[in-house]
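Engineer: What follows is the file protein-v5.txt, containing compact mmCIF, C-alpha atoms:
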# COMPACT_ATOMS: atom_id res chain seq x y z
CA MET A 1 -30.91 -12.70 7.84
CA ALA A 2 -32.43 -10.87 4.85
CA GLU A 3 -34.70 -8.86 7.16
CA ASN A 4 -31.70 -7.82 9.29
CA LYS A 5 -29.78 -6.80 6.16
CA ALA A 6 -32.76 -4.76 4.93
CA ARG A 7 -33.07 -3.02 8.31
CA ILE A 8 -29.36 -2.21 8.49
CA THR A 9 -29.29 -1.04 4.87
CA HIS A 10 -32.23 1.25 5.58
CA GLN A 11 -30.40 2.73 8.58
CA LEU A 12 -27.23 3.24 6.53
CA GLN A 13 -29.17 4.91 3.72
CA CYS A 14 -30.82 7.24 6.26
CA VAL A 15 -27.40 8.27 7.63
CA LYS A 16 -26.19 8.99 4.10
CA ARG A 17 -29.34 10.91 3.14
CA ASN A 18 -29.27 12.96 6.37
CA SER A 19 -25.62 13.86 5.73
CA GLY A 20 -26.63 15.62 2.52
CA LYS A 21 -23.56 14.15 0.83
CA SER A 22 -23.42 12.32 -2.49
CA TYR A 23 -21.65 9.00 -2.97
CA GLY A 24 -19.00 10.95 -4.87
CA GLN A 25 -18.39 13.31 -1.96
CA ILE A 26 -18.10 10.43 0.49
CA ALA A 27 -15.79 8.63 -1.94
CA LYS A 28 -13.43 11.63 -2.09
CA GLU A 29 -13.35 11.86 1.70
CA THR A 30 -12.64 8.15 2.15
CA GLY A 31 -10.39 7.45 -0.84
CA LEU A 32 -12.84 4.84 -2.18
CA THR A 33 -14.72 4.70 -5.47
CA ASN A 34 -18.28 6.03 -5.53
CA VAL A 35 -19.66 2.58 -6.33
CA TYR A 36 -17.73 0.97 -3.48
CA VAL A 37 -19.17 3.53 -1.05
CA ALA A 38 -22.65 2.62 -2.33
CA GLN A 39 -21.79 -1.08 -1.91
CA LEU A 40 -20.72 -0.46 1.69
CA LEU A 41 -23.92 1.44 2.49
CA ARG A 42 -25.99 -1.33 0.91
CA ARG A 43 -24.11 -4.07 2.85
CA GLN A 44 -22.71 -5.53 -0.35
CA ALA A 45 -19.08 -4.96 0.72
CA GLN A 46 -17.14 -5.29 3.95
CA LEU A 47 -15.80 -2.18 5.66
CA LYS A 48 -12.10 -2.64 6.38
CA ALA A 49 -10.64 -1.54 9.72
CA GLU A 50 -8.29 1.01 8.12
CA THR A 51 -11.21 2.63 6.24
CA ALA A 52 -13.62 2.80 9.19
CA PRO A 53 -12.20 6.06 10.65
CA LYS A 54 -12.39 7.74 7.25
CA LEU A 55 -16.02 6.67 6.80
CA ARG A 56 -16.84 7.81 10.34
CA ALA A 57 -15.27 11.21 9.55
CA ALA A 58 -17.27 11.46 6.32
CA LEU A 59 -20.50 10.36 8.04
CA PRO A 60 -20.23 11.51 11.69
CA ASP A 61 -23.77 10.29 12.49
CA LEU A 62 -22.80 6.70 11.65
CA ALA A 63 -23.43 4.79 14.88
CA GLU A 64 -20.76 2.48 16.31
CA ASP A 65 -23.06 -0.56 16.08
CA LEU A 66 -23.48 0.10 12.34
CA ILE A 67 -19.70 0.42 11.91
CA VAL A 68 -19.24 -2.92 13.70
CA GLU A 69 -21.93 -4.53 11.51
CA MET A 70 -20.32 -3.13 8.35
CA MET A 71 -17.00 -4.68 9.35
CA SER A 72 -18.45 -8.19 9.35
CA PRO A 73 -18.55 -10.11 6.06
CA PRO A 74 -21.81 -9.22 4.30
CA LEU A 75 -24.37 -11.46 2.69
CA ARG A 76 -23.76 -10.39 -0.90
CA SER A 77 -27.10 -10.80 -2.56
CA TYR A 78 -29.65 -9.05 -4.71
CA ASP A 79 -33.40 -8.88 -5.00
CA PRO A 80 -34.55 -10.53 -8.26
CA GLN A 81 -37.14 -7.74 -8.53
CA LEU A 82 -34.31 -5.25 -9.17
CA ILE A 83 -34.31 -6.16 -12.86
CA GLN A 84 -37.63 -4.31 -13.13
CA ASP A 85 -35.93 -1.00 -12.39
CA PRO A 86 -35.26 0.69 -15.77
CA THR A 87 -31.66 1.64 -14.95
CA ILE A 88 -30.76 -1.87 -13.83
CA TYR A 89 -32.68 -3.41 -16.74
CA ARG A 90 -30.76 -1.26 -19.25
CA LEU A 91 -27.44 -2.00 -17.59
CA ASN A 92 -28.19 -5.71 -17.77
CA GLU A 93 -29.33 -5.29 -21.39
CA ALA A 94 -26.09 -3.49 -22.29
CA VAL A 95 -23.93 -6.21 -20.75
CA MET A 96 -25.98 -8.93 -22.45
CA HIS A 97 -25.92 -7.10 -25.81
CA PHE A 98 -22.19 -6.35 -25.76
CA GLY A 99 -21.13 -9.35 -23.66
CA GLU A 100 -20.07 -11.70 -26.43
CA SER A 101 -17.98 -9.02 -28.10
CA ILE A 102 -16.38 -8.01 -24.80
CA LYS A 103 -15.61 -11.68 -24.07
CA GLU A 104 -14.03 -12.11 -27.53
CA ILE A 105 -11.82 -9.07 -27.04
CA ILE A 106 -10.75 -10.25 -23.55
CA ASN A 107 -9.87 -13.65 -25.03
CA GLU A 108 -8.07 -12.05 -27.99
CA GLU A 109 -6.06 -9.67 -25.81
CA TYR A 110 -5.36 -11.93 -22.83
CA GLY A 111 -6.19 -15.52 -23.73
CA ASP A 112 -8.76 -17.88 -22.26
CA GLY A 113 -9.90 -16.31 -19.02
CA ILE A 114 -12.26 -13.96 -17.28
CA MET A 115 -12.40 -10.59 -15.55
CA SER A 116 -12.55 -10.90 -11.78
CA ALA A 117 -15.53 -9.40 -9.97
CA ILE A 118 -13.67 -9.80 -6.67
CA ASP A 119 -10.38 -8.02 -7.47
CA PHE A 120 -12.52 -5.36 -9.11
CA TYR A 121 -13.00 -1.61 -9.14
CA CYS A 122 -16.13 0.06 -10.40
CA SER A 123 -17.04 3.72 -10.74
CA VAL A 124 -19.72 5.87 -12.30
CA ASP A 125 -18.72 9.20 -13.80
CA LYS A 126 -20.57 12.04 -15.50
CA VAL A 127 -19.12 13.61 -18.64
CA LYS A 128 -20.32 15.85 -21.45
CA GLY A 129 -20.64 14.21 -24.84
CA VAL A 130 -19.52 15.83 -28.10
CA ASP A 131 -23.09 17.10 -28.43
CA GLY A 132 -22.85 18.80 -25.01
CA LYS A 133 -25.33 16.40 -23.39
CA ASP A 134 -24.68 14.51 -20.17
CA ARG A 135 -23.30 11.01 -20.55
CA VAL A 136 -22.77 8.19 -18.07
CA VAL A 137 -19.36 6.49 -17.97
CA LEU A 138 -19.22 3.13 -16.21
CA THR A 139 -15.77 1.76 -15.48
CA PHE A 140 -15.33 -1.94 -14.74
CA ASP A 141 -11.70 -2.53 -13.79
CA GLY A 142 -11.19 -6.20 -12.98
CA LYS A 143 -8.10 -8.32 -12.66
CA TYR A 144 -7.64 -10.80 -15.51
CA LEU A 145 -7.87 -14.41 -14.35
CA PRO A 146 -6.69 -17.06 -16.80
CA HIS A 147 -8.46 -20.39 -16.83
CA THR A 148 -6.08 -23.14 -15.76
CA GLU A 149 -5.59 -26.38 -17.51
CA GLN A 150 -6.59 -29.10 -15.08
CA LYS A 151 -3.74 -31.60 -15.22
CA SER A 152 -4.21 -34.84 -13.33
CA GLU A 153 -0.66 -34.81 -11.97
CA HIS A 154 -1.41 -31.58 -10.09
CA MET A 155 -4.47 -33.13 -8.50
CA VAL A 156 -2.70 -36.35 -7.55
CA SER A 157 0.19 -34.49 -5.88
CA ARG A 158 -2.27 -32.47 -3.84
CA LEU A 159 -4.09 -35.58 -2.68
CA ASN A 160 -0.91 -37.25 -1.46
CA LEU A 161 -0.81 -35.39 1.81
CA GLY A 162 1.41 -37.79 3.71
Would you write out, as structure tokens, the structure that this file holds?

Structural biologist:
Amino acid sequence: MAENKARITHQLQCVKRNSGKSYGQIAKETGLTNVYVAQLLRRQAQLKAETAPKLRAALPDLAEDLIVEMMSPPLRSYDPQLIQDPTIYRLNEAVMHFGESIKEIINEEYGDGIMSAIDFYCSVDKVKGVDGKDRVVLTFDGKYLPHTEQKSEHMVSRLNLG
């Protein structure tokens, strides 16, 4: 399965590269975020039927068999070697460094819960800093999910099916 995913991902990346378009350009043409387009072309997200024609229009060389494959649920996975890439390492380092503070603020603002990574939007943007130098803006926009108190009466009522 991993070999098939790697082969398909390679084909998708070739279509993107040959188009000459950036993830941002494809995102504008499809109405998706730039990161979600990248996720689709890396088989980390499922292409929805209503988005397929837009993606086909943005990437006309995208073969029908690849569209069909992209519409099936993907194997969402990652290569543990990715952490060796400096960009990914620094992103991981930033989340680990700021993670406790971010968690505290989420808990303070919302209560005991987490940010969803399923009902989630992510984008990467380029801005100029106050010093005029390029800066990277990462946006993580996830639905808040409160932890539920596990009351035994809820469990018992669910088990009494008859």

Engineer: Using only C-alpha atoms, can you tell me which of A:Leu55, A:Val15, A:Ala6, A:Val35 comes closest to A:Asp125?

Structural biologist: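 The answer is A:Val35, which sits nearest to A:Asp125.
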
Engineer: Which residue out of A:Lys143, A:Lys103, A:Arg42, A:Lys54 has the minimum interatomic distance to A:Cys14 when all atoms listed in the file are used?

Structural biologist: A:Arg42

Engineer: Choose the residue, out of A:Val124, A:Met71, A:Val137, A:Ile83, that has the smallest atom-to-atom separation from A:Gln46; count all atoms listed in the file.

Structural biologist: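 Ranking A:Val124, A:Met71, A:Val137, A:Ile83 by distance to A:Gln46, first place goes to A:Met71.
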
Engineer: Anything within 9 Å of (-15.7, -8.4, 7.2): list those residues as an NGL selection string, counting only C-alpha atoms and sticking to the file's coordinates.

Structural biologist: :A and (45-49 or 69-74)

Engineer: Create the file for the chosen residues now, containing C-alpha atoms and written as a short mmCIF file (atom, residue, chain, number, x, y, z; two decimals), in the frame of the given file.

Structural biologist:
data_model
loop_
_atom_site.label_atom_id
_atom_site.label_comp_id
_atom_site.auth_asym_id
_atom_site.auth_seq_id
_atom_site.Cartn_x
_atom_site.Cartn_y
_atom_site.Cartn_z
CA ALA A 45 -19.08 -4.96 0.72
CA GLN A 46 -17.14 -5.29 3.95
CA LEU A 47 -15.80 -2.18 5.66
CA LYS A 48 -12.10 -2.64 6.38
CA ALA A 49 -10.64 -1.54 9.72
CA GLU A 69 -21.93 -4.53 11.51
CA MET A 70 -20.32 -3.13 8.35
CA MET A 71 -17.00 -4.68 9.35
CA SER A 72 -18.45 -8.19 9.35
CA PRO A 73 -18.55 -10.11 6.06
CA PRO A 74 -21.81 -9.22 4.30
#

Engineer: Kindly indicate which residue among A:Leu145, A:Ala2, A:Ala52, A:Ala27 lies nearest to A:Asp119, using only C-alpha atoms for the distances.

Structural biologist: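 For A:Asp119, the nearest of the candidates is A:Leu145.
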
Engineer: For stretch 104-120 of chain A of the block above, can you save all heavy atoms as a PDB file, in the first residue's frame?

Structural biologist:
ATOM      1  N   GLU A 104      -2.452  25.998  27.341  1.00  0.00           N
ATOM      2  CA  GLU A 104      -2.978  26.756  28.480  1.00  0.00           C
ATOM      3  C   GLU A 104      -3.969  27.817  28.033  1.00  0.00           C
ATOM      4  O   GLU A 104      -4.991  28.025  28.666  1.00  0.00           O
ATOM      5  CB  GLU A 104      -1.835  27.431  29.251  1.00  0.00           C
ATOM      6  CG  GLU A 104      -1.263  26.562  30.336  1.00  0.00           C
ATOM      7  CD  GLU A 104      -0.283  27.323  31.210  1.00  0.00           C
ATOM      8  OE1 GLU A 104      -0.609  28.443  31.657  1.00  0.00           O
ATOM      9  OE2 GLU A 104       0.801  26.778  31.440  1.00  0.00           O
ATOM     10  N   ILE A 105      -3.636  28.503  26.944  1.00  0.00           N
ATOM     11  CA  ILE A 105      -4.526  29.560  26.451  1.00  0.00           C
ATOM     12  C   ILE A 105      -5.819  28.952  25.921  1.00  0.00           C
ATOM     13  O   ILE A 105      -6.906  29.486  26.173  1.00  0.00           O
ATOM     14  CB  ILE A 105      -3.807  30.429  25.404  1.00  0.00           C
ATOM     15  CG1 ILE A 105      -2.675  31.215  26.094  1.00  0.00           C
ATOM     16  CG2 ILE A 105      -4.790  31.371  24.701  1.00  0.00           C
ATOM     17  CD1 ILE A 105      -1.703  31.881  25.167  1.00  0.00           C
ATOM     18  N   ILE A 106      -5.744  27.829  25.201  1.00  0.00           N
ATOM     19  CA  ILE A 106      -6.968  27.148  24.747  1.00  0.00           C
ATOM     20  C   ILE A 106      -7.827  26.786  25.948  1.00  0.00           C
ATOM     21  O   ILE A 106      -9.037  27.049  25.959  1.00  0.00           O
ATOM     22  CB  ILE A 106      -6.623  25.903  23.907  1.00  0.00           C
ATOM     23  CG1 ILE A 106      -6.056  26.311  22.549  1.00  0.00           C
ATOM     24  CG2 ILE A 106      -7.866  25.007  23.722  1.00  0.00           C
ATOM     25  CD1 ILE A 106      -5.484  25.163  21.732  1.00  0.00           C
ATOM     26  N   ASN A 107      -7.222  26.208  26.978  1.00  0.00           N
ATOM     27  CA  ASN A 107      -7.973  25.824  28.170  1.00  0.00           C
ATOM     28  C   ASN A 107      -8.550  27.044  28.884  1.00  0.00           C
ATOM     29  O   ASN A 107      -9.687  27.005  29.373  1.00  0.00           O
ATOM     30  CB  ASN A 107      -7.109  25.019  29.122  1.00  0.00           C
ATOM     31  CG  ASN A 107      -6.744  23.638  28.598  1.00  0.00           C
ATOM     32  OD1 ASN A 107      -5.774  23.045  29.022  1.00  0.00           O
ATOM     33  ND2 ASN A 107      -7.507  23.121  27.649  1.00  0.00           N
ATOM     34  N   GLU A 108      -7.788  28.129  28.949  1.00  0.00           N
ATOM     35  CA  GLU A 108      -8.253  29.348  29.605  1.00  0.00           C
ATOM     36  C   GLU A 108      -9.420  29.982  28.845  1.00  0.00           C
ATOM     37  O   GLU A 108     -10.391  30.439  29.442  1.00  0.00           O
ATOM     38  CB  GLU A 108      -7.090  30.338  29.687  1.00  0.00           C
ATOM     39  CG  GLU A 108      -7.393  31.620  30.440  1.00  0.00           C
ATOM     40  CD  GLU A 108      -6.148  32.485  30.545  1.00  0.00           C
ATOM     41  OE1 GLU A 108      -5.886  33.245  29.587  1.00  0.00           O
ATOM     42  OE2 GLU A 108      -5.441  32.368  31.554  1.00  0.00           O
ATOM     43  N   GLU A 109      -9.315  29.996  27.528  1.00  0.00           N
ATOM     44  CA  GLU A 109     -10.340  30.646  26.703  1.00  0.00           C
ATOM     45  C   GLU A 109     -11.586  29.784  26.499  1.00  0.00           C
ATOM     46  O   GLU A 109     -12.687  30.306  26.372  1.00  0.00           O
ATOM     47  CB  GLU A 109      -9.770  31.011  25.333  1.00  0.00           C
ATOM     48  CG  GLU A 109      -8.644  32.037  25.376  1.00  0.00           C
ATOM     49  CD  GLU A 109      -9.123  33.445  25.705  1.00  0.00           C
ATOM     50  OE1 GLU A 109     -10.239  33.800  25.289  1.00  0.00           O
ATOM     51  OE2 GLU A 109      -8.375  34.165  26.390  1.00  0.00           O
ATOM     52  N   TYR A 110     -11.397  28.459  26.402  1.00  0.00           N
ATOM     53  CA  TYR A 110     -12.497  27.578  26.021  1.00  0.00           C
ATOM     54  C   TYR A 110     -12.877  26.554  27.080  1.00  0.00           C
ATOM     55  O   TYR A 110     -13.960  26.010  27.042  1.00  0.00           O
ATOM     56  CB  TYR A 110     -12.143  26.797  24.740  1.00  0.00           C
ATOM     57  CG  TYR A 110     -11.902  27.678  23.553  1.00  0.00           C
ATOM     58  CD1 TYR A 110     -10.619  28.084  23.226  1.00  0.00           C
ATOM     59  CD2 TYR A 110     -12.957  28.085  22.750  1.00  0.00           C
ATOM     60  CE1 TYR A 110     -10.390  28.892  22.125  1.00  0.00           C
ATOM     61  CE2 TYR A 110     -12.744  28.888  21.647  1.00  0.00           C
ATOM     62  CZ  TYR A 110     -11.448  29.295  21.337  1.00  0.00           C
ATOM     63  OH  TYR A 110     -11.221  30.089  20.258  1.00  0.00           O
ATOM     64  N   GLY A 111     -11.958  26.200  27.949  1.00  0.00           N
ATOM     65  CA  GLY A 111     -12.186  25.137  28.909  1.00  0.00           C
ATOM     66  C   GLY A 111     -11.334  23.930  28.548  1.00  0.00           C
ATOM     67  O   GLY A 111     -10.433  24.007  27.705  1.00  0.00           O
ATOM     68  N   ASP A 112     -11.625  22.813  29.186  1.00  0.00           N
ATOM     69  CA  ASP A 112     -10.847  21.595  28.981  1.00  0.00           C
ATOM     70  C   ASP A 112     -11.226  20.968  27.646  1.00  0.00           C
ATOM     71  O   ASP A 112     -12.325  20.449  27.482  1.00  0.00           O
ATOM     72  CB  ASP A 112     -11.118  20.606  30.125  1.00  0.00           C
ATOM     73  CG  ASP A 112     -10.272  19.359  30.043  1.00  0.00           C
ATOM     74  OD1 ASP A 112      -9.191  19.405  29.421  1.00  0.00           O
ATOM     75  OD2 ASP A 112     -10.691  18.330  30.600  1.00  0.00           O
ATOM     76  N   GLY A 113     -10.320  21.037  26.691  1.00  0.00           N
ATOM     77  CA  GLY A 113     -10.603  20.490  25.376  1.00  0.00           C
ATOM     78  C   GLY A 113      -9.401  20.609  24.467  1.00  0.00           C
ATOM     79  O   GLY A 113      -8.299  20.947  24.906  1.00  0.00           O
ATOM     80  N   ILE A 114      -9.639  20.338  23.198  1.00  0.00           N
ATOM     81  CA  ILE A 114      -8.558  20.329  22.220  1.00  0.00           C
ATOM     82  C   ILE A 114      -9.001  21.033  20.938  1.00  0.00           C
ATOM     83  O   ILE A 114     -10.187  21.293  20.739  1.00  0.00           O
ATOM     84  CB  ILE A 114      -8.121  18.884  21.866  1.00  0.00           C
ATOM     85  CG1 ILE A 114      -9.281  18.095  21.238  1.00  0.00           C
ATOM     86  CG2 ILE A 114      -7.563  18.166  23.083  1.00  0.00           C
ATOM     87  CD1 ILE A 114      -8.893  16.767  20.633  1.00  0.00           C
ATOM     88  N   MET A 115      -8.034  21.269  20.060  1.00  0.00           N
ATOM     89  CA  MET A 115      -8.314  21.774  18.725  1.00  0.00           C
ATOM     90  C   MET A 115      -8.346  20.570  17.788  1.00  0.00           C
ATOM     91  O   MET A 115      -7.415  19.775  17.760  1.00  0.00           O
ATOM     92  CB  MET A 115      -7.222  22.740  18.277  1.00  0.00           C
ATOM     93  CG  MET A 115      -7.426  23.260  16.877  1.00  0.00           C
ATOM     94  SD  MET A 115      -6.126  24.390  16.325  1.00  0.00           S
ATOM     95  CE  MET A 115      -4.738  23.275  16.203  1.00  0.00           C
ATOM     96  N   SER A 116      -9.423  20.471  17.024  1.00  0.00           N
ATOM     97  CA  SER A 116      -9.554  19.373  16.074  1.00  0.00           C
ATOM     98  C   SER A 116      -8.515  19.490  14.970  1.00  0.00           C
ATOM     99  O   SER A 116      -8.203  20.592  14.515  1.00  0.00           O
ATOM    100  CB  SER A 116     -10.950  19.389  15.452  1.00  0.00           C
ATOM    101  OG  SER A 116     -11.043  18.428  14.415  1.00  0.00           O
ATOM    102  N   ALA A 117      -7.997  18.362  14.533  1.00  0.00           N
ATOM    103  CA  ALA A 117      -7.147  18.317  13.346  1.00  0.00           C
ATOM    104  C   ALA A 117      -7.921  17.666  12.200  1.00  0.00           C
ATOM    105  O   ALA A 117      -7.363  17.390  11.147  1.00  0.00           O
ATOM    106  CB  ALA A 117      -5.857  17.558  13.635  1.00  0.00           C
ATOM    107  N   ILE A 118      -9.219  17.434  12.419  1.00  0.00           N
ATOM    108  CA  ILE A 118     -10.085  16.882  11.377  1.00  0.00           C
ATOM    109  C   ILE A 118     -10.964  18.001  10.820  1.00  0.00           C
ATOM    110  O   ILE A 118     -10.974  18.244   9.625  1.00  0.00           O
ATOM    111  CB  ILE A 118     -10.926  15.704  11.911  1.00  0.00           C
ATOM    112  CG1 ILE A 118      -9.991  14.550  12.265  1.00  0.00           C
ATOM    113  CG2 ILE A 118     -11.976  15.286  10.889  1.00  0.00           C
ATOM    114  CD1 ILE A 118     -10.659  13.390  12.951  1.00  0.00           C
ATOM    115  N   ASP A 119     -11.687  18.710  11.688  1.00  0.00           N
ATOM    116  CA  ASP A 119     -12.431  19.897  11.278  1.00  0.00           C
ATOM    117  C   ASP A 119     -11.427  21.041  11.402  1.00  0.00           C
ATOM    118  O   ASP A 119     -11.385  21.765  12.398  1.00  0.00           O
ATOM    119  CB  ASP A 119     -13.642  20.097  12.184  1.00  0.00           C
ATOM    120  CG  ASP A 119     -14.563  21.195  11.679  1.00  0.00           C
ATOM    121  OD1 ASP A 119     -14.141  22.012  10.835  1.00  0.00           O
ATOM    122  OD2 ASP A 119     -15.706  21.251  12.163  1.00  0.00           O
ATOM    123  N   PHE A 120     -10.587  21.178  10.381  1.00  0.00           N
ATOM    124  CA  PHE A 120      -9.346  21.947  10.496  1.00  0.00           C
ATOM    125  C   PHE A 120      -8.992  22.578   9.162  1.00  0.00           C
ATOM    126  O   PHE A 120      -9.125  21.955   8.117  1.00  0.00           O
ATOM    127  CB  PHE A 120      -8.247  20.944  10.899  1.00  0.00           C
ATOM    128  CG  PHE A 120      -6.889  21.524  11.165  1.00  0.00           C
ATOM    129  CD1 PHE A 120      -6.581  22.040  12.402  1.00  0.00           C
ATOM    130  CD2 PHE A 120      -5.905  21.502  10.187  1.00  0.00           C
ATOM    131  CE1 PHE A 120      -5.313  22.533  12.663  1.00  0.00           C
ATOM    132  CE2 PHE A 120      -4.636  21.993  10.439  1.00  0.00           C
ATOM    133  CZ  PHE A 120      -4.346  22.517  11.682  1.00  0.00           C
TER     134      PHE A 120
END
